[in-house]
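This is upload33.cif. It holds mmCIF, C-alpha atoms.
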```
data_entry
loop_
_atom_site.label_atom_id
_atom_site.label_comp_id
_atom_site.auth_asym_id
_atom_site.auth_seq_id
_atom_site.Cartn_x
_atom_site.Cartn_y
_atom_site.Cartn_z
CA MET A 918 -69.78 157.91 26.79
CA GLY A 919 -72.88 156.40 25.21
CA PHE A 920 -74.95 153.81 27.04
CA GLU A 921 -74.06 151.05 24.59
CA GLU A 922 -70.37 151.78 25.01
CA PHE A 923 -70.78 151.77 28.78
CA VAL A 924 -72.53 148.39 28.70
CA ALA A 925 -69.76 146.93 26.52
CA ALA A 926 -67.05 148.22 28.86
CA GLN A 927 -68.60 147.55 32.26
CA THR A 928 -70.80 144.45 32.06
CA ARG A 929 -67.97 142.05 32.89
CA ALA A 930 -66.87 143.98 36.01
CA LEU A 931 -70.47 144.32 37.19
CA LEU A 932 -71.15 140.61 36.69
CA GLY A 933 -68.03 139.75 38.66
CA LEU A 934 -69.04 142.01 41.52
CA GLY A 935 -72.57 140.62 41.43
CA ALA A 936 -71.22 137.08 41.65
CA ALA A 937 -68.80 138.05 44.42
CA MET A 938 -71.62 139.51 46.50
CA SER A 939 -74.32 136.95 45.82
CA GLY A 940 -72.17 133.84 45.36
CA ASP A 941 -74.29 132.87 42.38
CA PRO A 942 -73.55 133.79 38.74
CA HIS A 943 -77.16 133.34 37.67
CA LEU A 944 -78.41 135.76 40.29
CA ALA A 945 -75.60 138.09 39.26
CA GLU A 946 -76.92 138.07 35.69
CA ASP A 947 -80.40 139.03 36.87
CA LEU A 948 -79.02 141.72 39.17
CA VAL A 949 -76.81 143.30 36.52
CA GLN A 950 -79.55 143.17 33.91
CA ASP A 951 -82.03 144.92 36.21
CA VAL A 952 -79.50 147.57 37.16
CA LEU A 953 -78.36 148.32 33.62
CA ILE A 954 -81.94 148.73 32.46
CA LYS A 955 -82.56 151.17 35.32
CA ALA A 956 -79.32 152.95 34.44
CA HIS A 957 -80.50 153.33 30.87
CA GLN A 958 -83.68 155.06 32.04
CA ARG A 959 -81.60 157.80 33.69
CA TRP A 960 -78.59 157.67 31.44
CA ASP A 961 -78.84 161.38 30.60
CA ARG A 962 -78.09 162.15 34.23
CA ILE A 963 -75.63 159.31 34.91
CA SER A 964 -73.52 160.02 31.83
CA GLY A 965 -72.99 163.56 33.08
CA LEU A 966 -71.51 162.39 36.39
CA ALA A 967 -67.77 162.43 37.00
CA ASP A 968 -67.58 158.66 37.44
CA PRO A 969 -70.52 156.74 35.92
CA PRO A 970 -69.02 153.27 36.67
CA SER A 971 -68.90 154.10 40.40
CA TYR A 972 -72.50 155.26 40.34
CA VAL A 973 -73.70 152.11 38.59
CA ARG A 974 -71.64 149.96 40.97
CA ARG A 975 -73.49 151.70 43.78
CA MET A 976 -76.79 150.95 42.08
CA LEU A 977 -75.77 147.31 41.78
CA THR A 978 -74.82 147.07 45.46
CA ASN A 979 -78.09 148.67 46.52
CA GLU A 980 -80.01 146.35 44.24
CA TYR A 981 -78.25 143.35 45.78
CA LEU A 982 -78.96 144.60 49.30
CA SER A 983 -82.62 145.19 48.49
CA TRP A 984 -83.22 141.86 46.85
CA ARG A 985 -84.51 140.19 49.92
CA ARG A 986 -88.03 139.67 48.74
CA LYS A 987 -86.84 137.93 45.61
CA TRP A 988 -84.29 135.95 47.60
CA ALA A 989 -86.98 134.76 49.96
CA ARG A 990 -88.45 132.83 47.08
CA ILE A 991 -85.25 131.39 45.70
CA LEU A 992 -82.80 130.98 48.57
CA PRO A 993 -80.91 128.99 49.47
CA SER A 994 -79.23 127.98 46.28
CA ASP A 995 -77.02 124.97 45.76
CA ARG A 996 -75.16 126.70 42.95
CA LEU A 997 -71.97 127.32 44.81
CA HIS A 998 -69.53 126.09 42.17
CA ILE A 999 -69.04 129.28 40.32
CA PHE A 1000 -65.29 129.64 40.15
CA ASP A 1001 -63.27 127.92 37.45
CA ARG A 1002 -59.83 129.40 37.32
CA ALA A 1003 -58.29 127.11 39.96
CA ASP A 1004 -59.19 123.89 38.14
CA ASP A 1005 -55.69 123.62 36.72
CA ALA A 1006 -54.12 123.64 40.18
CA PRO A 1007 -52.26 120.41 41.09
CA ASP A 1008 -54.45 119.80 44.15
CA ALA A 1009 -57.74 120.73 42.55
CA ALA A 1010 -59.79 118.44 44.83
CA VAL A 1011 -58.49 120.16 47.94
CA THR A 1012 -59.02 123.55 46.34
CA HIS A 1013 -62.60 122.65 45.49
CA ALA A 1014 -63.27 121.54 49.07
CA GLU A 1015 -61.75 124.72 50.51
CA ARG A 1016 -63.66 126.80 48.02
CA ASP A 1017 -66.97 125.20 48.88
CA ALA A 1018 -66.32 125.54 52.59
CA LEU A 1019 -65.46 129.21 52.25
CA ALA A 1020 -68.42 129.88 49.94
CA GLY A 1021 -70.67 128.26 52.56
CA GLN A 1022 -69.20 130.41 55.30
CA LEU A 1023 -69.61 133.58 53.26
CA ARG A 1024 -73.24 132.66 52.67
CA GLN A 1025 -73.82 132.73 56.42
CA LEU A 1026 -72.72 136.35 56.71
CA PRO A 1027 -75.25 139.20 56.76
CA ARG A 1028 -75.58 140.67 53.30
CA ARG A 1029 -74.05 144.04 54.05
CA GLN A 1030 -70.94 142.32 55.40
CA ARG A 1031 -70.73 140.21 52.23
CA ALA A 1032 -71.07 143.35 50.14
CA VAL A 1033 -68.22 145.00 52.04
CA LEU A 1034 -65.95 141.97 51.53
CA ALA A 1035 -66.79 141.77 47.81
CA LEU A 1036 -66.16 145.48 47.29
CA ARG A 1037 -62.87 145.27 49.16
CA PHE A 1038 -61.45 141.96 47.94
CA TYR A 1039 -63.02 141.65 44.48
CA SER A 1040 -63.32 145.27 43.37
CA GLY A 1041 -60.28 146.40 45.36
CA LEU A 1042 -61.96 149.49 46.80
CA ASP A 1043 -60.64 151.26 49.89
CA ASP A 1044 -62.79 152.12 52.92
CA ALA A 1045 -63.72 155.56 51.63
CA GLU A 1046 -64.85 154.21 48.25
CA ILE A 1047 -66.83 151.40 49.91
CA ALA A 1048 -68.46 153.94 52.24
CA ARG A 1049 -69.53 156.04 49.25
CA THR A 1050 -70.83 152.94 47.48
CA LEU A 1051 -72.88 151.79 50.45
CA GLY A 1052 -73.90 155.27 51.54
CA CYS A 1053 -72.51 154.88 55.04
CA GLY A 1054 -69.52 156.06 57.06
CA GLU A 1055 -66.00 154.65 56.85
CA SER A 1056 -66.21 153.52 60.46
CA SER A 1057 -69.31 151.52 59.55
CA VAL A 1058 -67.40 149.89 56.69
CA ARG A 1059 -64.55 148.93 59.02
CA SER A 1060 -67.06 147.60 61.53
CA HIS A 1061 -68.79 145.42 58.91
CA ALA A 1062 -65.44 144.15 57.62
CA SER A 1063 -64.06 143.31 61.03
CA ARG A 1064 -67.28 141.54 62.05
CA ALA A 1065 -67.23 139.53 58.84
CA LEU A 1066 -63.58 138.56 59.26
CA ALA A 1067 -64.12 137.67 62.89
CA THR A 1068 -67.04 135.42 61.94
CA LEU A 1069 -65.06 133.70 59.20
CA ARG A 1070 -62.17 133.03 61.55
CA VAL A 1071 -64.48 131.61 64.19
CA GLN A 1072 -66.18 129.37 61.68
CA ALA A 1073 -62.85 128.21 60.27
CA GLN A 1074 -61.77 127.21 63.76
CA ASP A 1075 -65.05 125.40 64.29
CA LEU A 1076 -64.53 123.44 61.08
CA SER A 1077 -60.98 122.49 62.10
CA THR A 1078 -62.22 121.31 65.47
CA THR A 1079 -64.90 119.18 63.81
CA GLU A 1080 -62.39 117.63 61.43
CA GLU A 1081 -60.00 116.82 64.29
CA ALA A 1082 -62.77 115.14 66.28
CA ARG A 1083 -63.57 112.70 63.47
CA MET B 943 -58.27 131.34 57.75
CA SER B 944 -55.93 134.03 56.46
CA LEU B 945 -56.63 137.15 54.48
CA ASP B 946 -54.58 135.66 51.63
CA GLN B 947 -56.98 132.73 51.40
CA LEU B 948 -59.91 135.10 51.31
CA GLN B 949 -58.23 137.23 48.64
CA ARG B 950 -57.55 134.10 46.56
CA HIS B 951 -61.21 133.17 46.84
CA TYR B 952 -62.23 136.49 45.28
CA ASP B 953 -59.36 136.41 42.75
CA ARG B 954 -60.75 133.14 41.40
CA ILE B 955 -64.01 134.71 40.36
CA THR B 956 -64.29 134.71 36.60
CA VAL B 957 -67.12 135.80 34.36
CA ASP B 958 -68.39 133.44 31.71
CA PRO B 959 -68.22 135.26 28.32
CA GLU B 960 -71.58 133.70 27.44
CA SER B 961 -73.11 135.21 30.55
CA GLU B 962 -71.66 138.59 29.62
CA ARG B 963 -73.07 138.30 26.10
CA ARG B 964 -76.52 137.29 27.38
CA VAL B 965 -76.71 140.30 29.70
CA ARG B 966 -75.44 142.75 27.07
CA ASP B 967 -77.93 141.48 24.50
CA ALA B 968 -80.85 141.51 26.95
CA VAL B 969 -80.08 145.01 28.20
CA LEU B 970 -79.58 146.55 24.78
CA ALA B 971 -82.72 144.85 23.48
CA ALA B 972 -84.77 146.12 26.43
CA ALA B 973 -83.24 149.58 26.37
CA PRO B 974 -82.64 150.66 22.78
CA GLN B 975 -80.71 153.85 22.28
CA PRO B 976 -82.73 156.56 20.55
CA ALA B 977 -80.94 158.12 17.63
CA ARG B 978 -79.00 161.26 18.57
CA GLY B 979 -81.01 163.47 16.22
CA ARG B 980 -84.28 162.18 17.61
CA GLN B 981 -83.08 162.67 21.17
CA LEU B 982 -82.14 166.28 20.43
CA LEU B 983 -85.50 166.88 18.75
CA LEU B 984 -87.36 165.45 21.75
CA SER B 985 -85.37 167.63 24.17
CA LEU B 986 -86.11 170.75 22.11
CA ALA B 987 -89.81 169.91 21.88
CA ALA B 988 -89.98 169.33 25.66
CA ALA B 989 -88.24 172.66 26.33
CA VAL B 990 -90.68 174.52 24.06
CA VAL B 991 -93.70 172.92 25.77
CA VAL B 992 -92.38 173.74 29.27
CA ALA B 993 -91.68 177.35 28.28
CA ALA B 994 -95.16 177.73 26.76
CA ILE B 995 -96.84 176.35 29.88
CA ALA B 996 -94.78 178.65 32.11
CA ILE B 997 -95.82 181.71 30.06
CA VAL B 998 -99.50 180.73 30.09
CA VAL B 999 -99.47 180.14 33.86
CA ALA B 1000 -97.64 183.39 34.55
CA VAL B 1001 -100.05 185.45 32.44
CA THR B 1002 -103.32 183.86 33.55
CA ARG B 1003 -102.80 183.25 37.28
CA PRO B 1004 -104.71 185.49 39.73
CA GLY B 1005 -102.65 188.39 40.99
CA HIS B 1006 -100.51 188.55 37.89
CA GLY B 1007 -98.36 191.66 37.98
CA ARG B 1008 -98.59 192.18 41.74
CA THR B 1009 -95.62 191.82 43.99
CA GLU B 1010 -97.55 191.44 47.27
CA PRO B 1011 -99.28 188.18 48.17
CA THR B 1012 -103.06 188.44 48.11
CA GLY B 1013 -103.64 186.24 51.14
CA SER B 1014 -106.57 184.55 49.44
CA THR B 1015 -104.70 181.48 48.13
CA THR B 1016 -104.42 178.34 50.25
CA PRO B 1017 -100.80 177.51 51.06
CA PRO B 1018 -99.66 174.08 49.88
CA PRO B 1019 -99.69 171.36 52.54
CA THR B 1020 -96.32 170.87 54.13
CA ALA B 1021 -94.87 167.75 55.68
CA ALA B 1022 -94.52 167.43 59.44
CA ILE B 1023 -92.00 164.69 60.02
CA PRO B 1024 -92.16 162.74 63.29
CA SER B 1025 -88.88 163.06 65.14
CA ARG B 1026 -86.53 160.16 65.79
CA ARG B 1027 -86.93 158.03 68.86
CA PRO B 1028 -85.45 154.75 70.05
CA GLY B 1029 -87.57 151.66 69.53
CA ALA B 1030 -89.34 153.02 66.46
CA VAL B 1031 -88.96 153.67 62.77
CA THR B 1032 -90.24 157.16 62.02
CA GLY B 1033 -90.22 159.29 58.92
CA ALA B 1034 -92.22 160.60 56.02
CA VAL B 1035 -93.14 159.85 52.43
CA LEU B 1036 -93.08 162.89 50.16
CA ARG B 1037 -93.13 163.99 46.58
CA SER B 1038 -90.95 167.07 46.10
CA GLY B 1039 -91.46 167.99 49.75
CA ARG B 1040 -95.22 167.49 49.77
CA PRO B 1041 -96.97 164.72 51.70
CA VAL B 1042 -97.99 161.55 49.90
CA ASP B 1043 -100.48 158.85 50.91
CA ALA B 1044 -98.44 155.70 51.40
CA GLN B 1045 -98.35 152.36 53.13
CA VAL B 1046 -95.22 151.61 55.14
CA GLN B 1047 -94.32 148.15 56.39
CA VAL B 1048 -91.37 147.03 58.49
CA VAL B 1049 -90.24 143.44 57.99
CA ALA B 1050 -87.72 141.67 60.22
CA TRP B 1051 -85.35 139.19 58.60
CA PRO B 1052 -83.85 136.27 60.46
CA ALA B 1053 -80.21 136.75 61.34
CA VAL B 1054 -79.04 133.64 59.50
CA ILE B 1055 -80.76 132.08 56.51
CA GLY B 1056 -77.99 129.71 55.43
CA HIS B 1057 -79.47 126.78 57.38
CA LEU B 1058 -82.69 126.75 55.38
CA LYS B 1059 -83.38 123.96 52.93
CA LYS B 1060 -83.43 124.71 49.24
CA GLY B 1061 -86.72 126.31 48.23
CA GLN B 1062 -87.77 126.98 51.83
CA PRO B 1063 -88.87 130.60 52.18
CA ALA B 1064 -86.97 132.75 54.65
CA PRO B 1065 -89.11 133.10 57.80
CA THR B 1066 -89.56 136.86 57.81
CA ARG B 1067 -91.89 138.58 60.20
CA THR B 1068 -93.83 141.79 59.84
CA ALA B 1069 -92.71 143.97 62.72
CA GLY B 1070 -95.27 146.69 62.09
CA SER B 1071 -97.04 148.75 59.48
CA ALA B 1072 -98.70 152.13 59.13
CA SER B 1073 -100.35 154.50 56.69
CA THR B 1074 -98.91 157.97 56.38
CA ASP B 1075 -100.85 160.77 58.08
CA SER B 1076 -102.04 163.94 56.39
CA HIS B 1077 -98.53 165.36 56.65
CA GLY B 1078 -96.91 162.29 55.07
CA GLY B 1079 -95.46 161.16 58.39
CA PHE B 1080 -95.41 157.71 59.95
CA VAL B 1081 -94.32 156.07 63.19
CA ILE B 1082 -93.89 152.31 63.55
CA ASP B 1083 -92.86 150.81 66.87
CA ILE B 1084 -90.49 147.84 66.62
CA PRO B 1085 -91.59 145.07 69.02
CA THR B 1086 -88.05 143.94 69.78
CA ARG B 1087 -89.22 141.72 72.64
CA VAL B 1088 -91.12 139.38 70.36
CA LEU B 1089 -88.51 139.42 67.61
CA VAL B 1090 -85.36 138.39 69.47
CA PRO B 1091 -83.35 136.20 69.53
CA ARG B 1092 -84.04 134.60 66.13
CA PHE B 1093 -83.80 137.96 64.42
CA LEU B 1094 -80.71 139.19 66.22
CA SER B 1095 -77.28 139.09 64.63
CA GLY B 1096 -75.08 140.01 67.58
CA PRO B 1097 -76.49 143.31 68.79
CA PHE B 1098 -78.07 144.02 65.40
CA ILE B 1099 -81.47 143.32 63.93
CA GLU B 1100 -81.98 143.13 60.17
CA LEU B 1101 -84.93 145.19 58.99
CA GLU B 1102 -86.55 145.98 55.69
CA VAL B 1103 -88.85 148.99 55.36
CA ASP B 1104 -91.19 148.76 52.38
CA VAL B 1105 -92.97 151.86 51.09
CA SER B 1106 -95.70 151.85 48.49
CA THR B 1107 -97.81 154.66 47.08
CA SER B 1108 -100.27 154.60 44.20
CA GLN B 1109 -97.39 155.39 41.85
CA ASN B 1110 -94.16 154.26 43.50
CA GLU B 1111 -92.67 151.45 45.50
CA THR B 1112 -89.31 151.31 47.19
CA GLU B 1113 -87.58 149.93 50.25
CA TRP B 1114 -84.77 150.53 52.68
CA ASP B 1115 -82.96 147.75 54.40
CA GLY B 1116 -80.15 147.50 56.84
CA SER B 1117 -79.06 146.62 60.34
CA LEU B 1118 -80.19 148.44 63.45
CA ARG B 1119 -78.36 148.14 66.74
CA VAL B 1120 -80.49 146.98 69.67
CA VAL B 1121 -79.59 148.68 72.94
CA HIS B 1122 -81.33 147.81 76.21
CA GLY B 1123 -84.04 145.95 74.32
CA ARG B 1124 -84.85 148.79 71.95
CA THR B 1125 -83.68 149.52 68.45
CA ARG B 1126 -81.67 152.64 67.84
CA ALA B 1127 -83.73 155.51 66.43
CA LEU B 1128 -84.24 155.36 62.68
CA GLN B 1129 -85.79 158.15 60.66
CA LEU B 1130 -86.42 157.63 56.94
CA ILE B 1131 -87.65 160.35 54.61
CA PHE B 1132 -88.54 159.10 51.16
CA ASP B 1133 -89.00 161.78 48.50
CA PHE B 1134 -90.17 160.33 45.20
CA GLY B 1135 -90.18 163.75 43.49
CA ARG B 1136 -86.57 164.53 44.31
CA ASN B 1137 -85.65 160.84 44.16
CA THR B 1138 -83.87 160.98 47.52
CA LEU B 1139 -83.83 159.01 50.73
CA THR B 1140 -82.74 160.70 53.95
CA VAL B 1141 -81.61 158.31 56.65
CA ASN B 1142 -81.17 159.93 60.04
CA GLY B 1143 -80.44 163.26 58.40
CA LYS B 1144 -78.14 161.98 55.67
CA THR B 1145 -79.51 162.24 52.14
CA SER B 1146 -78.60 160.01 49.23
CA PRO B 1147 -80.14 159.10 45.86
CA LEU B 1148 -83.15 156.79 45.99
CA ASN B 1149 -82.58 153.81 43.76
#
```
How does this structure look as structure tokens?
Amino acid sequence: MGFEEFVAAQTRALLGLGAAMSGDPHLAEDLVQDVLIKAHQRWDRISGLADPPSYVRRMLTNEYLSWRRKWARILPSDRLHIFDRADDAPDAAVTHAERDALAGQLRQLPRRQRAVLALRFYSGLDDAEIARTLGCGESSVRSHASRALATLRVQAQDLSTTEEAR
Amino acid sequence: MSLDQLQRHYDRITVDPESERRVRDAVLAAAPQPARGRQLLLSLAAAVVVAAIAIVVAVTRPGHGRTEPTGSTTPPPTAAIPSRRPGAVTGAVLRSGRPVDAQVQVVAWPAVIGHLKKGQPAPTRTAGSASTDSHGGFVIDIPTRVLVPRFLSGPFIELEVDVSTSQNETEWDGSLRVVHGRTRALQLIFDFGRNTLTVNGKTSPLN
């Protein structure tokens, strides 16, 4: 597969994953652009791999995890409203509120935990694939996922308690 | 919150076609594909040059034709990598196994940055820094006592290790468990020649 063909086929999926991890479509654009340019520089090697999309997804995840210096200058962002598909739902206002609350909670998670959730729930990868993507063990993936889910549940309860108290 | 709600959150993510077009255009403009014929020609030219250099070196080097080492040549410097130990980040910076002069810096990141105001920089803190020794090795102690609790996320501390040489720059980041007031041992071996990073004995490509 040529690089141009790869870009045409994979940009959408990479942008989605970038947005799922970062919570910001503009940052996702920057991330994907950086990664694809790096991928082009070593395309001779990448194109010979068994699964180039997996390799580039790994590059994207690593790029996201190593973006801290750039994030220090631009975080936090108020661009949380990135999802459009639910606007036709009958209770769109409620959906928006839930969406914002959840996006805010996800933003509080450590970045590796957010990456694990995005790879699992957006990209639909299993533990072994996530472990290969992150370069860690499957037990580490499960640990990150369970810590993230535990945090989200705790925060959801906290929100409910606050609402009840009002 | 249920897993279904979380799944729905991710299912709602859509990509703006304009965004996709912008990225595709920018990438292809910044990384034009060389024509196939030109690529092949360049590969052939590179192979010829490499072969010619190899022949010249083989014919002109001292001791050509002998099978025994002369003992007069200086062996190349080899890397001596500091071993792992709790409470410190150790490792080496190499190029194809040989030591490299490099600066290494460990930066601690606060556990939670979501409470910051827009535009406010994340309050990172330099935990330590070092230059590599003549063998490419480095040891940086992590002063956990002065970093906690703002930098602790449960039992973990978020660290970034930045490495810069005259030619390369890279970083590792991740979470380290803190046990009895000390971070778990972390050994990082960066090899810019082989493009690999070895973390506690496990090697992966260096991005």
Long-range neighbours of Arg1124 of chain B as a ChimeraX atom specification, 9 Å cut-off, all atoms listed in the file, 3 positions minimum in chain: /B:1028-1030,1084-1087,1119-1121,1127
The PyMOL selection byres ((chain B and resi 1135) around 10) applied to the shown file, residues as a list in words: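 When the PyMOL selection byres ((chain B and resi 1135) around 10) is applied, the selected residues are Leu1036, Arg1037, Ser1038, Gly1039, Arg1040, Phe1132, Asp1133, Phe1134, Arg1136, Asn1137 and Thr1138 of chain B.
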Would you save the residues of that selection, restricted to C-alpha atoms, as a short mmCIF file (atom, residue, chain, number, x, y, z; two decimals), keeping the file's coordinate frame?
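selection-v6.cif written:
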```
data_model
loop_
_atom_site.label_atom_id
_atom_site.label_comp_id
_atom_site.auth_asym_id
_atom_site.auth_seq_id
_atom_site.Cartn_x
_atom_site.Cartn_y
_atom_site.Cartn_z
CA LEU B 1036 -93.08 162.89 50.16
CA ARG B 1037 -93.13 163.99 46.58
CA SER B 1038 -90.95 167.07 46.10
CA GLY B 1039 -91.46 167.99 49.75
CA ARG B 1040 -95.22 167.49 49.77
CA PHE B 1132 -88.54 159.10 51.16
CA ASP B 1133 -89.00 161.78 48.50
CA PHE B 1134 -90.17 160.33 45.20
CA ARG B 1136 -86.57 164.53 44.31
CA ASN B 1137 -85.65 160.84 44.16
CA THR B 1138 -83.87 160.98 47.52
#
```
Given the PyMOL selection byres ((chain A and resi 1036) around 12), the residues it picks as a VMD selection string: (chain A and resid 930 to 931 933 to 939 971 974 to 975 977 to 978 1029 to 1035 1037 to 1051 1058 1061 to 1062) or (chain B and resid 949 952)
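Reported to one decimal place, the separation of atom CA of Asn1142 of chain B from atom CA of Asp1104 of chain B is 16.8 Å.
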Name all residues at most 10 Å from Ala1020 of chain A (count only C-alpha atoms; drop same-chain ones fewer than 2 positions away) and give them as a PyMOL selection string. (chain A and resi 937+940+997-999+1014-1018+1022-1025) or (chain B and resi 951)
Smallest atom-to-atom distance to Ala1022 of chain B: which of B:Asp1043, B:Glu962, B:Asp1075, B:Asp967, using only C-alpha atoms?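 Distance minimum relative to Ala1022 of chain B lands on B:Asp1075.
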Applied to this file, what does the PyMOL selection byres ((chain A and resi 927) around 10) return in terms of residues, put as a PDB file with C-alpha atoms, in the frame of the given file?
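Written output follows (part.pdb):
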```pdb
ATOM      1  CA  GLU A 922     -70.370 151.780  25.010  1.00  0.00           C
ATOM      2  CA  PHE A 923     -70.780 151.770  28.780  1.00  0.00           C
ATOM      3  CA  VAL A 924     -72.530 148.390  28.700  1.00  0.00           C
ATOM      4  CA  ALA A 925     -69.760 146.930  26.520  1.00  0.00           C
ATOM      5  CA  ALA A 926     -67.050 148.220  28.860  1.00  0.00           C
ATOM      6  CA  THR A 928     -70.800 144.450  32.060  1.00  0.00           C
ATOM      7  CA  ARG A 929     -67.970 142.050  32.890  1.00  0.00           C
ATOM      8  CA  ALA A 930     -66.870 143.980  36.010  1.00  0.00           C
ATOM      9  CA  LEU A 931     -70.470 144.320  37.190  1.00  0.00           C
ATOM     10  CA  LEU A 932     -71.150 140.610  36.690  1.00  0.00           C
ATOM     11  CA  LEU A 953     -78.360 148.320  33.620  1.00  0.00           C
ATOM     12  CA  PRO A 970     -69.020 153.270  36.670  1.00  0.00           C
ATOM     13  CA  VAL A 973     -73.700 152.110  38.590  1.00  0.00           C
ATOM     14  CA  ARG A 974     -71.640 149.960  40.970  1.00  0.00           C
TER      15      ARG A 974
ATOM     16  CA  GLU B 962     -71.660 138.590  29.620  1.00  0.00           C
ATOM     17  CA  ARG B 966     -75.440 142.750  27.070  1.00  0.00           C
TER      18      ARG B 966
END
```
